$ cat work_32.cif   # mmCIF, C-alpha atoms
data_run
loop_
_atom_site.label_atom_id
_atom_site.label_comp_id
_atom_site.auth_asym_id
_atom_site.auth_seq_id
_atom_site.Cartn_x
_atom_site.Cartn_y
_atom_site.Cartn_z
CA MET A 1 -19.70 8.10 16.40
CA GLY A 2 -20.34 11.37 14.64
CA GLY A 3 -20.56 14.77 16.22
CA TYR A 4 -17.54 16.13 14.38
CA SER A 5 -18.44 19.18 12.32
CA TYR A 6 -15.71 21.06 10.51
CA VAL A 7 -17.89 23.74 8.96
CA ASN A 8 -16.24 27.12 9.57
CA GLU A 9 -13.69 25.55 11.90
CA ARG A 10 -10.00 26.30 11.54
CA ILE A 11 -8.04 23.17 10.64
CA ALA A 12 -4.25 23.30 10.44
CA ILE A 13 -2.63 20.78 8.09
CA ILE A 14 0.93 20.24 9.30
CA GLY A 15 3.03 18.72 6.55
CA LEU A 16 1.78 18.72 2.96
CA GLY A 17 2.89 15.33 1.72
CA ALA A 18 0.48 12.64 0.50
CA SER A 19 -1.53 12.41 3.73
CA GLY A 20 -1.71 16.18 4.19
CA LYS A 21 -2.93 16.79 0.65
CA SER A 22 -5.46 13.99 1.02
CA ALA A 23 -6.76 15.53 4.26
CA VAL A 24 -7.24 18.88 2.51
CA GLU A 25 -9.20 17.25 -0.32
CA ALA A 26 -11.34 15.22 2.10
CA LEU A 27 -12.29 18.32 4.10
CA GLY A 28 -13.24 20.17 0.93
CA ASN A 29 -15.01 23.46 1.61
CA ASP A 30 -16.30 22.42 5.04
CA ALA A 31 -13.44 24.00 6.97
CA ASP A 32 -11.13 27.01 7.06
CA ILE A 33 -7.86 25.28 6.10
CA ARG A 34 -4.29 26.48 6.39
CA GLY A 35 -1.16 24.53 5.68
CA PHE A 36 2.05 24.67 7.71
CA SER A 37 5.36 23.17 6.62
CA THR A 38 9.07 23.15 7.45
CA THR A 39 9.88 22.17 3.85
CA PRO A 40 9.21 24.25 0.71
CA VAL A 41 5.71 23.81 -0.70
CA GLU A 42 4.50 24.05 -4.27
CA GLN A 43 1.77 26.57 -5.10
CA SER A 44 -1.51 25.64 -3.42
CA ASP A 45 -5.15 26.73 -3.47
CA PHE A 46 -5.16 27.57 0.25
CA PRO A 47 -2.89 29.61 2.52
CA VAL A 48 0.37 27.92 3.48
CA PHE A 49 2.96 29.10 5.98
CA TYR A 50 6.49 27.84 5.38
CA SER A 51 9.57 28.20 7.54
CA PRO A 52 12.53 25.85 8.00
CA ASP A 53 12.40 26.78 11.70
CA PRO A 54 10.00 24.44 13.58
CA ALA A 55 9.64 26.99 16.40
CA MET A 56 8.38 29.61 13.97
CA VAL A 57 5.92 27.14 12.44
CA ALA A 58 4.62 26.20 15.89
CA GLN A 59 4.23 29.87 16.81
CA GLU A 60 2.25 30.61 13.64
CA ILE A 61 -0.07 27.67 14.33
CA ILE A 62 -0.64 28.78 17.92
CA GLN A 63 -1.38 32.37 16.86
CA TRP A 64 -3.91 31.17 14.29
CA ASN A 65 -5.58 29.13 17.06
CA PRO A 66 -6.98 26.17 15.08
CA GLN A 67 -9.61 23.81 16.48
CA TYR A 68 -7.56 20.85 15.22
CA CYS A 69 -4.18 20.12 13.68
CA VAL A 70 -3.86 17.19 11.29
CA ILE A 71 -0.20 16.19 11.50
CA SER A 72 1.82 14.28 8.92
CA PRO A 73 3.11 10.84 10.00
CA GLY A 74 6.50 12.16 8.88
CA ILE A 75 6.66 14.56 11.84
CA PRO A 76 7.61 12.86 15.14
CA MET A 77 5.55 13.71 18.20
CA THR A 78 8.91 14.05 19.96
CA SER A 79 9.86 16.93 17.62
CA ALA A 80 10.12 20.49 18.88
CA LEU A 81 7.11 21.51 16.77
CA ALA A 82 4.83 18.76 18.10
CA GLN A 83 6.02 19.19 21.68
CA GLU A 84 5.27 22.92 21.62
CA LEU A 85 1.75 22.25 20.34
CA LYS A 86 1.28 19.69 23.10
CA ARG A 87 2.54 22.13 25.71
CA ARG A 88 0.06 24.74 24.50
CA ARG A 89 -2.74 22.14 24.47
CA VAL A 90 -3.43 22.44 20.76
CA PRO A 91 -5.35 19.29 19.64
CA VAL A 92 -3.30 17.18 17.21
CA ILE A 93 -4.77 14.26 15.27
CA SER A 94 -3.56 11.96 12.50
CA GLU A 95 -4.92 11.81 8.97
CA VAL A 96 -6.26 8.36 9.95
CA GLU A 97 -8.22 9.89 12.84
CA LEU A 98 -9.59 12.58 10.53
CA ALA A 99 -10.69 9.94 8.01
CA TRP A 100 -12.49 7.95 10.72
CA ARG A 101 -14.33 11.04 11.96
CA LEU A 102 -15.32 12.05 8.43
CA GLN A 103 -16.65 8.57 7.71
CA GLU A 104 -18.63 8.30 10.91
CA LYS A 105 -20.44 11.61 10.35
CA SER A 106 -21.21 10.71 6.74
CA LYS A 107 -24.12 8.82 5.19
CA ARG A 108 -21.82 5.80 4.90
CA ALA A 109 -20.96 5.53 8.58
CA GLY A 110 -20.30 2.06 9.89
CA ARG A 111 -18.21 0.65 7.05
CA PRO A 112 -15.78 -1.77 8.71
CA TRP A 113 -12.08 -1.07 9.12
CA TYR A 114 -9.88 -4.17 9.49
CA CYS A 115 -6.68 -2.83 11.02
CA VAL A 116 -3.17 -4.27 10.99
CA THR A 117 0.03 -3.07 12.63
CA GLY A 118 3.36 -4.62 13.59
CA THR A 119 7.07 -4.17 13.16
CA ASN A 120 7.12 -6.63 10.27
CA GLY A 121 4.57 -8.26 7.99
CA LYS A 122 1.80 -5.66 8.02
CA THR A 123 2.00 -4.77 4.32
CA THR A 124 1.85 -8.45 3.36
CA THR A 125 -1.08 -9.14 5.70
CA VAL A 126 -3.01 -6.16 4.33
CA GLY A 127 -2.31 -7.33 0.77
CA LEU A 128 -3.50 -10.84 1.60
CA LEU A 129 -6.68 -9.53 3.20
CA GLY A 130 -7.37 -7.29 0.23
CA ALA A 131 -7.00 -10.23 -2.16
CA ILE A 132 -9.32 -12.38 -0.04
CA PHE A 133 -11.99 -9.68 0.23
CA ARG A 134 -11.92 -9.11 -3.52
CA ALA A 135 -12.21 -12.86 -4.14
CA ALA A 136 -15.34 -12.75 -1.96
CA GLY A 137 -16.83 -10.01 -4.15
CA ILE A 138 -16.40 -7.26 -1.55
CA ARG A 139 -15.36 -3.78 -2.71
CA VAL A 140 -12.33 -3.15 -0.52
CA SER A 141 -9.61 -0.49 -0.32
CA GLU A 142 -6.12 -1.24 1.01
CA VAL A 143 -5.13 1.99 2.71
CA GLY A 144 -2.97 3.68 5.31
CA ASN A 145 0.75 3.17 5.72
CA ILE A 146 0.71 0.91 2.65
CA GLY A 147 0.81 4.13 0.60
CA LEU A 148 -2.79 5.22 -0.06
CA PRO A 149 -4.14 7.75 2.50
CA ILE A 150 -7.45 6.51 3.85
CA SER A 151 -9.03 9.96 3.74
CA SER A 152 -8.69 9.81 -0.06
CA GLN A 153 -11.03 6.81 -0.17
CA ILE A 154 -13.72 7.77 2.35
CA ALA A 155 -15.96 9.37 -0.29
CA GLY A 156 -15.63 6.34 -2.58
CA ASP A 157 -17.78 3.24 -2.91
CA SER A 158 -15.64 0.85 -0.85
CA GLU A 159 -17.65 -1.50 1.35
CA ALA A 160 -14.71 -2.19 3.67
CA PHE A 161 -11.21 -0.93 4.38
CA VAL A 162 -8.09 -2.94 5.17
CA VAL A 163 -5.87 -0.49 7.01
CA GLU A 164 -2.12 -0.73 7.52
CA LEU A 165 -1.15 1.41 10.52
CA SER A 166 2.29 2.54 11.61
CA SER A 167 3.23 3.53 15.14
CA PHE A 168 3.46 7.12 13.87
CA GLN A 169 -0.18 7.09 12.77
CA LEU A 170 -1.50 5.28 15.83
CA GLU A 171 0.15 7.73 18.22
CA THR A 172 -2.37 10.45 17.28
CA THR A 173 -5.40 8.28 16.49
CA TYR A 174 -8.00 8.34 19.27
CA THR A 175 -11.56 7.37 18.31
CA MET A 176 -11.09 4.79 15.54
CA GLU A 177 -13.09 1.60 16.18
CA PRO A 178 -11.77 -1.30 14.07
CA ALA A 179 -14.07 -4.16 13.17
CA ALA A 180 -11.06 -6.35 13.98
CA ALA A 181 -7.43 -5.62 14.76
CA ILE A 182 -4.06 -7.31 15.07
CA CYS A 183 -0.56 -6.32 16.07
CA LEU A 184 1.58 -8.95 14.36
CA ASN A 185 4.73 -8.28 16.42
CA ALA A 186 6.41 -5.38 18.20
CA ASP A 187 10.16 -5.71 18.01
CA ALA A 188 12.27 -2.63 18.74
CA ASP A 189 12.09 -0.15 15.86
CA HIS A 190 11.96 3.61 15.23
CA LEU A 191 13.68 4.29 18.55
CA ASP A 192 15.05 7.51 17.09
CA TRP A 193 11.42 8.55 16.57
CA HIS A 194 9.71 7.42 19.77
CA GLY A 195 12.64 7.81 22.14
CA ASP A 196 12.51 4.32 23.65
CA VAL A 197 11.07 0.89 22.98
CA GLU A 198 8.25 1.26 25.52
CA SER A 199 6.92 4.39 23.82
CA TYR A 200 7.06 2.57 20.47
CA ARG A 201 5.11 -0.38 21.86
CA GLU A 202 2.59 1.87 23.58
CA ALA A 203 1.85 3.46 20.22
CA LYS A 204 1.41 0.04 18.61
CA ALA A 205 -0.92 -1.08 21.42
CA ARG A 206 -3.35 1.75 20.62
CA ILE A 207 -4.71 -0.37 17.78
CA TYR A 208 -6.58 -2.42 20.42
CA ASP A 209 -8.09 0.54 22.31
CA ARG A 210 -11.59 0.64 20.78
CA VAL A 211 -12.02 -2.56 18.77
CA ARG A 212 -15.67 -3.30 17.99
CA GLY A 213 -15.01 -6.94 17.20
CA LYS A 214 -12.11 -9.25 17.96
CA SER A 215 -8.55 -8.41 18.94
CA PHE A 216 -6.15 -10.96 17.45
CA TYR A 217 -2.56 -11.67 18.50
CA PHE A 218 -0.01 -14.47 18.30
CA ALA A 219 0.20 -16.56 21.45
CA SER A 220 3.96 -16.96 21.01
CA ASP A 221 4.56 -13.20 21.34
CA PRO A 222 4.70 -12.15 25.02
CA VAL A 223 5.03 -8.45 24.17
CA VAL A 224 1.78 -8.32 22.19
CA ALA A 225 0.14 -10.65 24.72
CA ARG A 226 0.61 -7.91 27.32
CA MET A 227 -1.02 -5.41 24.96
CA VAL A 228 -4.28 -7.38 24.87
CA GLN A 229 -4.49 -8.18 28.59
CA GLY A 230 -7.83 -7.17 30.01
CA ARG A 231 -9.38 -6.38 26.64
CA PRO A 232 -12.63 -8.01 25.52
CA ARG A 233 -12.95 -10.56 22.70
CA VAL A 234 -9.26 -11.46 22.50
CA VAL A 235 -8.28 -14.34 20.18
CA ALA A 236 -4.85 -16.02 20.29
CA LEU A 237 -3.42 -17.33 17.01
CA THR A 238 -0.73 -19.92 16.34
CA THR A 239 1.20 -21.03 13.27
CA ASP A 240 1.60 -24.65 14.34
CA SER A 241 -2.06 -25.67 14.58
CA ASN A 242 -3.43 -28.45 12.39
CA GLU A 243 -6.01 -25.88 11.35
CA TRP A 244 -3.41 -24.47 8.93
CA ASP A 245 -2.38 -27.75 7.32
CA TRP A 246 -3.83 -26.60 3.99
CA VAL A 247 -1.54 -23.55 3.79
CA PRO A 248 1.53 -25.29 2.23
CA PHE A 249 -0.02 -24.94 -1.24
CA TYR A 250 0.97 -21.29 -0.95
CA ALA A 251 4.63 -22.10 -0.28
CA GLU A 252 4.58 -24.60 -3.14
CA ARG A 253 3.98 -21.69 -5.49
CA GLY A 254 7.35 -20.23 -4.57
CA HIS A 255 6.44 -17.94 -1.68
CA PRO A 256 8.65 -17.85 1.42
CA SER A 257 7.55 -19.91 4.41
CA ALA A 258 8.16 -16.82 6.57
CA LEU A 259 4.84 -15.54 5.25
CA LEU A 260 2.94 -18.20 7.20
CA ALA A 261 2.23 -15.90 10.15
CA ASP A 262 0.87 -13.24 7.79
CA ILE A 263 -1.37 -15.84 6.14
CA VAL A 264 -2.64 -17.03 9.52
CA ALA A 265 -3.49 -13.47 10.54
CA ALA A 266 -5.24 -12.66 7.27
CA VAL A 267 -7.25 -15.86 7.26
CA ALA A 268 -8.33 -15.40 10.88
CA ILE A 269 -9.60 -11.87 10.21
CA ALA A 270 -11.28 -12.95 6.96
CA ARG A 271 -13.10 -15.78 8.71
CA ASP A 272 -14.18 -13.39 11.43
CA ALA A 273 -15.60 -11.13 8.69
CA GLY A 274 -17.72 -14.02 7.48
CA ILE A 275 -15.79 -14.86 4.31
CA ASP A 276 -16.09 -18.50 3.24
CA GLU A 277 -13.22 -20.92 2.71
CA ASN A 278 -13.51 -20.95 -1.09
CA ALA A 279 -13.03 -17.19 -1.29
CA ILE A 280 -10.15 -17.38 1.19
CA SER A 281 -8.36 -20.02 -0.88
CA ALA A 282 -9.00 -18.07 -4.09
CA GLY A 283 -7.66 -14.87 -2.56
CA LEU A 284 -4.48 -16.53 -1.32
CA SER A 285 -3.91 -18.06 -4.74
CA GLU A 286 -4.30 -14.70 -6.48
CA TYR A 287 -2.10 -12.72 -4.10
CA SER A 288 1.32 -11.55 -5.28
CA PRO A 289 3.86 -10.55 -2.60
CA ALA A 290 5.07 -6.98 -2.39
CA THR A 291 8.15 -6.11 -4.40
CA HIS A 292 11.53 -5.99 -2.65
CA ARG A 293 10.47 -8.67 -0.15
CA GLN A 294 12.76 -11.71 -0.50
CA ALA A 295 12.63 -11.45 -4.30
CA LEU A 296 15.09 -13.47 -6.38
CA VAL A 297 16.69 -10.99 -8.81
CA GLY A 298 19.56 -13.08 -10.19
CA GLN A 299 21.11 -16.53 -10.12
CA TRP A 300 24.31 -17.79 -11.72
CA GLY A 301 27.36 -19.76 -10.75
CA GLY A 302 25.23 -21.53 -8.16
CA VAL A 303 24.70 -18.27 -6.22
CA ARG A 304 21.30 -16.68 -5.62
CA TYR A 305 20.94 -12.87 -5.39
CA VAL A 306 17.93 -11.83 -3.31
CA ASP A 307 16.38 -8.37 -2.88
CA ASP A 308 14.86 -7.96 0.57
CA SER A 309 15.22 -4.17 0.65
CA LYS A 310 11.86 -3.89 2.39
CA ALA A 311 13.52 -5.33 5.52
CA THR A 312 14.03 -1.96 7.19
CA ASN A 313 14.43 -3.30 10.72
CA ALA A 314 16.18 -6.11 12.55
CA HIS A 315 13.02 -8.18 12.95
CA ALA A 316 12.43 -8.32 9.20
CA ALA A 317 16.07 -9.10 8.40
CA ALA A 318 16.08 -11.93 10.94
CA ALA A 319 13.12 -13.59 9.20
CA ALA A 320 14.99 -13.63 5.88
CA LEU A 321 18.34 -14.76 7.31
CA LYS A 322 16.91 -17.56 9.45
CA ALA A 323 15.40 -19.14 6.32
CA LEU A 324 18.92 -19.75 4.91
CA PRO A 325 20.89 -22.98 5.44
CA PRO A 326 23.82 -22.67 7.88
CA GLY A 327 26.87 -20.86 6.56
CA THR A 328 25.33 -19.87 3.20
CA GLY A 329 24.37 -16.24 3.69
CA VAL A 330 26.39 -13.31 2.35
CA TRP A 331 24.48 -10.59 4.10
CA ILE A 332 24.37 -7.00 2.81
CA ALA A 333 23.22 -4.79 5.67
CA GLY A 334 23.23 -1.19 6.82
CA GLY A 335 21.74 2.24 6.19
CA ASP A 336 19.83 4.50 8.55
CA ALA A 337 19.96 2.43 11.75
CA LYS A 338 17.15 4.37 13.50
CA GLY A 339 18.81 3.81 16.86
CA GLN A 340 18.58 0.02 16.70
CA ASP A 341 20.92 -2.36 18.53
CA PHE A 342 21.95 -5.06 16.03
CA GLY A 343 23.68 -7.27 18.59
CA PRO A 344 20.68 -9.57 19.25
CA LEU A 345 20.05 -9.89 15.50
CA VAL A 346 23.63 -10.88 14.66
CA HIS A 347 23.76 -13.29 17.61
CA SER A 348 20.56 -15.02 16.44
CA VAL A 349 21.67 -15.48 12.81
CA ARG A 350 25.42 -15.96 13.17
CA SER A 351 25.21 -19.63 12.13
CA GLN A 352 23.61 -18.63 8.81
CA LEU A 353 26.39 -16.23 7.87
CA ARG A 354 29.29 -16.82 5.51
CA ALA A 355 30.19 -13.11 5.36
CA VAL A 356 28.79 -9.62 5.83
CA VAL A 357 28.99 -6.54 3.62
CA ALA A 358 28.23 -3.49 5.78
CA ILE A 359 26.85 -0.57 3.78
CA GLY A 360 25.49 2.94 4.11
CA LEU A 361 26.92 6.32 4.93
CA ASP A 362 27.76 4.89 8.36
CA PRO A 363 28.32 1.10 8.30
CA SER A 364 29.70 1.07 11.85
CA PRO A 365 26.55 -0.11 13.73
CA ILE A 366 26.49 -3.32 11.67
CA ARG A 367 30.27 -3.75 11.84
CA ARG A 368 30.35 -3.39 15.65
CA ALA A 369 27.59 -5.97 16.09
CA VAL A 370 29.33 -8.48 13.82
CA GLU A 371 32.70 -7.98 15.49
CA GLU A 372 31.15 -8.59 18.91
CA PHE A 373 28.61 -11.34 18.25
CA ALA A 374 30.02 -13.12 15.16
CA PRO A 375 33.77 -12.41 15.41
CA ASP A 376 34.74 -15.26 13.08
CA THR A 377 32.53 -13.95 10.26
CA PRO A 378 34.42 -12.00 7.57
CA ILE A 379 33.12 -8.47 7.10
CA VAL A 380 33.90 -5.68 4.67
CA GLU A 381 32.58 -2.11 4.65
CA VAL A 382 31.48 -0.34 1.47
CA VAL A 383 30.80 3.22 2.50
CA GLY A 384 28.12 5.06 0.54
CA ASN A 385 28.81 7.90 -1.86
CA SER A 386 26.89 10.22 -4.16
CA ASP A 387 26.89 7.85 -7.15
CA ALA A 388 24.41 5.27 -5.90
CA ASP A 389 24.53 3.10 -9.03
CA LEU A 390 28.31 2.72 -9.05
CA TRP A 391 28.40 2.32 -5.29
CA MET A 392 25.82 -0.49 -5.33
CA LEU A 393 27.78 -2.27 -8.05
CA GLN A 394 30.79 -2.18 -5.72
CA VAL A 395 28.58 -3.65 -2.98
CA VAL A 396 27.49 -6.52 -5.22
CA ARG A 397 31.10 -7.19 -6.30
CA ALA A 398 32.21 -7.30 -2.66
CA ALA A 399 29.44 -9.75 -1.78
CA ALA A 400 30.15 -11.94 -4.80
CA ASN A 401 33.80 -12.26 -3.76
CA PHE A 402 32.65 -14.11 -0.63
CA ALA A 403 29.93 -16.25 -2.24
CA ARG A 404 30.31 -19.91 -3.11
CA PRO A 405 27.98 -22.24 -5.07
CA GLY A 406 24.89 -22.87 -2.96
CA ASP A 407 25.14 -19.47 -1.22
CA THR A 408 22.70 -16.56 -1.20
CA VAL A 409 23.75 -12.93 -1.52
CA LEU A 410 20.99 -11.29 0.49
CA LEU A 411 20.25 -7.55 0.57
CA SER A 412 18.28 -7.43 3.82
CA PRO A 413 19.52 -4.14 5.28
CA ALA A 414 17.75 -4.12 8.69
CA CYS A 415 17.87 -0.33 8.25
CA ALA A 416 15.89 2.42 6.60
CA SER A 417 17.12 3.70 3.24
CA TRP A 418 16.94 7.43 3.97
CA ASP A 419 20.68 7.92 4.37
CA GLN A 420 21.17 7.40 0.61
CA PHE A 421 17.84 6.67 -1.08
CA SER A 422 14.35 8.15 -1.23
CA SER A 423 12.76 4.82 -0.27
CA TYR A 424 13.47 1.13 0.25
CA SER A 425 11.93 0.63 -3.20
CA GLN A 426 14.58 2.78 -4.87
CA ARG A 427 17.31 0.96 -2.92
CA GLY A 428 15.95 -2.39 -4.11
CA LYS A 429 15.73 -1.27 -7.73
CA VAL A 430 19.33 -0.01 -7.67
CA PHE A 431 20.42 -3.35 -6.18
CA GLU A 432 18.60 -5.32 -8.87
CA GLN A 433 20.20 -3.18 -11.60
CA ALA A 434 23.64 -3.68 -10.03
CA VAL A 435 23.13 -7.45 -9.93
CA ARG A 436 22.25 -7.49 -13.64
CA ARG A 437 25.22 -5.27 -14.47
CA PHE A 438 27.54 -7.52 -12.46
CA GLN A 439 26.19 -10.59 -14.24
CA GLU A 440 26.88 -8.95 -17.61
CA GLU A 441 30.49 -8.18 -16.69
CA SER A 442 31.20 -11.57 -15.09
#
$ encode --input "work_32.cif" --output "structure tokens"
Amino acid sequence: MGGYSYVNERIAIIGLGASGKSAVEALGNDADIRGFSTTPVEQSDFPVFYSPDPAMVAQEIIQWNPQYCVISPGIPMTSALAQELKRRRVPVISEVELAWRLQEKSKRAGRPWYCVTGTNGKTTTVGLLGAIFRAAGIRVSEVGNIGLPISSQIAGDSEAFVVELSSFQLETTYTMEPAAAICLNADADHLDWHGDVESYREAKARIYDRVRGKSFYFASDPVVARMVQGRPRVVALTTDSNEWDWVPFYAERGHPSALLADIVAAVAIARDAGIDENAISAGLSEYSPATHRQALVGQWGGVRYVDDSKATNAHAAAAALKALPPGTGVWIAGGDAKGQDFGPLVHSVRSQLRAVVAIGLDPSPIRRAVEEFAPDTPIVEVVGNSDADLWMLQVVRAAANFARPGDTVLLSPACASWDQFSSYSQRGKVFEQAVRRFQEES
């Protein structure tokens, strides 16, 4: 690639969160940088325009007439700000796109990016790949939606990048050429962001647009199969092949069997990268799953309490619920629904349910789905309030009232946490603390 010079060019940084700040640092003194934000900004070393009015921010950007805008993944392309920039034909790129361009015009051009997206499982797959690469002696950075902006690592000594990509990031990424890529799945999610499921899936499909190597997908997923139609070097994966008969050692170490698809994806990409079987096995053995993903946080009276707060969509919650024996799940669900329809989820897991505790500032989307698709399942609502610690203790008490020996109280919300918490991580920590507090008082 190459050909992207930012010297003396005007670059607008829209949104000054982690990715925006990283973009500024990566550009250094090569460009004329200005920041633009609809939220208050701390003191900075470069000019920043702030207004809570998106229209005013858009107008300021247009008047400044930048060559490029690097937009935060936290700003939807359906927003008034982004739509006005599009209407005025102002080029908008992601921080991921900027990082790719900076790499490819640097002395270290050509370092491979192994890219992963999907509704569910991408963080785990990236973590597995990172562990495998390190076991093979390769200096690797796990970057992107996983929490570390890739532009912050471009100047470093990494030999390869394992990149987790969200639909938000992919929507404004244009020239990236992955060494290999996979979309693990593409269930309906972020409909409030993209407008409809087709737009969401179109964004996910962009991961396959310019793949230098192989495009992987799961043969059992017809949605992703359509994404790879007509593309070169397509490889179909399966979880039921005899090729994976050595994987159970991973489950024997206490990891959920639902991770099998993530393992298959990581191993396939690692093999394609030329990593030998010994390094692959060593990496899988060393890997520790992400926190708040089907983590046992308490067990007494024959009841297990499991934190799956990272399940922020229906697809992820279904994976956790389907692993439970019939009639043993006390499901805690709810939060920011993001426009999801929970009917198909409830219908698919109704046999696993003993009861449901619907939570969040608005528990009604979960309640309506249960009443329609699992009408015989008891359900109680615990509406959120400003005291998150006390509220979560009430949630745990309500769930425990339904539980019987052999049951699992499962926090697998199928929703984002933003209605009450800063992140799914905070929600999971508060749940774990409430479980411990409930155990102490029981």
$ axis_aligned_box --input "work_32.cif" --around "stretch 391-403 of chain A" --padding-each-side "8 Å" --output "lines of an AutoDock Vina configuration file"
center_x = 29.8
center_y = -7.0
center_z = -4.3
size_x = 24.0
size_y = 34.6
size_z = 23.4
$ resolve_selection --input "work_32.cif" --expression "the PyMOL selection byres ((chain A and resi 107) around 12)" --output "number ranges by chain"
A: 2, 102-106, 108-111, 154-157
$ closest_residue --input "work_32.cif" --among "A:Cys69, A:Trp113, A:Ala181, A:Glu171" --to "A:Ser158" --atoms "all atoms listed in the file"
A:Trp113
$ residues_near_point --input "work_32.cif" --point "(-13.7, -4.6, 1.9)" --cutoff "12 Å" --atoms "all atoms listed in the file" --output "PyMOL selection string"
chain A and resi 111-115+126-143+153+156-163+179+269-270+273-275
$ atom_distance --input "work_32.cif" --atom1 "atom CA of A:Ile13" --atom2 "atom CA of A:Tyr50"
11.8 Å
$ closest_residue --input "work_32.cif" --among "A:Leu85, A:Ala374, A:Ala26, A:Met56" --to "A:His347" --atoms "all atoms listed in the file"
A:Ala374
$ closest_residue --input "work_32.cif" --among "A:Ser281, A:Gln63, A:Ser422, A:Ser72" --to "A:Thr38" --atoms "only C-alpha atoms"
A:Ser72
$ atom_distance --input "work_32.cif" --atom1 "atom CA of A:Gln439" --atom2 "atom CA of A:Val357"
18.5 Å
$ closest_residue --input "work_32.cif" --among "A:Val116, A:Leu410, A:Ile71, A:Leu345" --to "A:Glu95" --atoms "only C-alpha atoms"
A:Ile71
$ resolve_selection --input "work_32.cif" --expression "the PyMOL selection byres ((chain A and resi 123) around 12)" --output "number ranges by chain"
A: 115-122, 124-130, 142-148, 162-166, 184, 259, 262-263, 266, 288-293, 310-311
$ closest_residue --input "work_32.cif" --among "A:Pro344, A:Pro47, A:Pro91, A:Pro405" --to "A:Asn65" --atoms "only C-alpha atoms"
A:Pro91
$ closest_residue --input "work_32.cif" --among "A:Ala205, A:Ile62, A:Val409, A:Leu324" --to "A:Val356" --atoms "only C-alpha atoms"
A:Val409
$ residues_near_point --input "work_32.cif" --point "(5.8, -2.3, 24.2)" --cutoff "12 Å" --atoms "all atoms listed in the file" --output "ChimeraX atom specification"
/A:118-119,167,183,185-189,191,194,196-206,221-228
$ write_last_selection --input "work_32.cif" --atoms "C-alpha atoms" --output "tab-separated table (two decimals), keeping the file's coordinate frame"
chain	number	residue	atom	x	y	z
A	118	GLY	CA	3.36	-4.62	13.59
A	119	THR	CA	7.07	-4.17	13.16
A	167	SER	CA	3.23	3.53	15.14
A	183	CYS	CA	-0.56	-6.32	16.07
A	185	ASN	CA	4.73	-8.28	16.42
A	186	ALA	CA	6.41	-5.38	18.20
A	187	ASP	CA	10.16	-5.71	18.01
A	188	ALA	CA	12.27	-2.63	18.74
A	189	ASP	CA	12.09	-0.15	15.86
A	191	LEU	CA	13.68	4.29	18.55
A	194	HIS	CA	9.71	7.42	19.77
A	196	ASP	CA	12.51	4.32	23.65
A	197	VAL	CA	11.07	0.89	22.98
A	198	GLU	CA	8.25	1.26	25.52
A	199	SER	CA	6.92	4.39	23.82
A	200	TYR	CA	7.06	2.57	20.47
A	201	ARG	CA	5.11	-0.38	21.86
A	202	GLU	CA	2.59	1.87	23.58
A	203	ALA	CA	1.85	3.46	20.22
A	204	LYS	CA	1.41	0.04	18.61
A	205	ALA	CA	-0.92	-1.08	21.42
A	206	ARG	CA	-3.35	1.75	20.62
A	221	ASP	CA	4.56	-13.20	21.34
A	222	PRO	CA	4.70	-12.15	25.02
A	223	VAL	CA	5.03	-8.45	24.17
A	224	VAL	CA	1.78	-8.32	22.19
A	225	ALA	CA	0.14	-10.65	24.72
A	226	ARG	CA	0.61	-7.91	27.32
A	227	MET	CA	-1.02	-5.41	24.96
A	228	VAL	CA	-4.28	-7.38	24.87
$ atom_distance --input "work_32.cif" --atom1 "atom CA of A:Glu25" --atom2 "atom CA of A:Asp45"
10.8 Å
$ resolve_selection --input "work_32.cif" --expression "the PyMOL selection byres ((chain A and resi 355) around 8)" --output "compact mmCIF listing (two decimals) with C-alpha atoms, keeping the file's coordinate frame"
# COMPACT_ATOMS: atom_id res chain seq x y z
CA GLY A 329 24.37 -16.24 3.69
CA VAL A 330 26.39 -13.31 2.35
CA TRP A 331 24.48 -10.59 4.10
CA LEU A 353 26.39 -16.23 7.87
CA ARG A 354 29.29 -16.82 5.51
CA VAL A 356 28.79 -9.62 5.83
CA VAL A 357 28.99 -6.54 3.62
CA THR A 377 32.53 -13.95 10.26
CA PRO A 378 34.42 -12.00 7.57
CA ILE A 379 33.12 -8.47 7.10
CA ALA A 399 29.44 -9.75 -1.78
CA PHE A 402 32.65 -14.11 -0.63
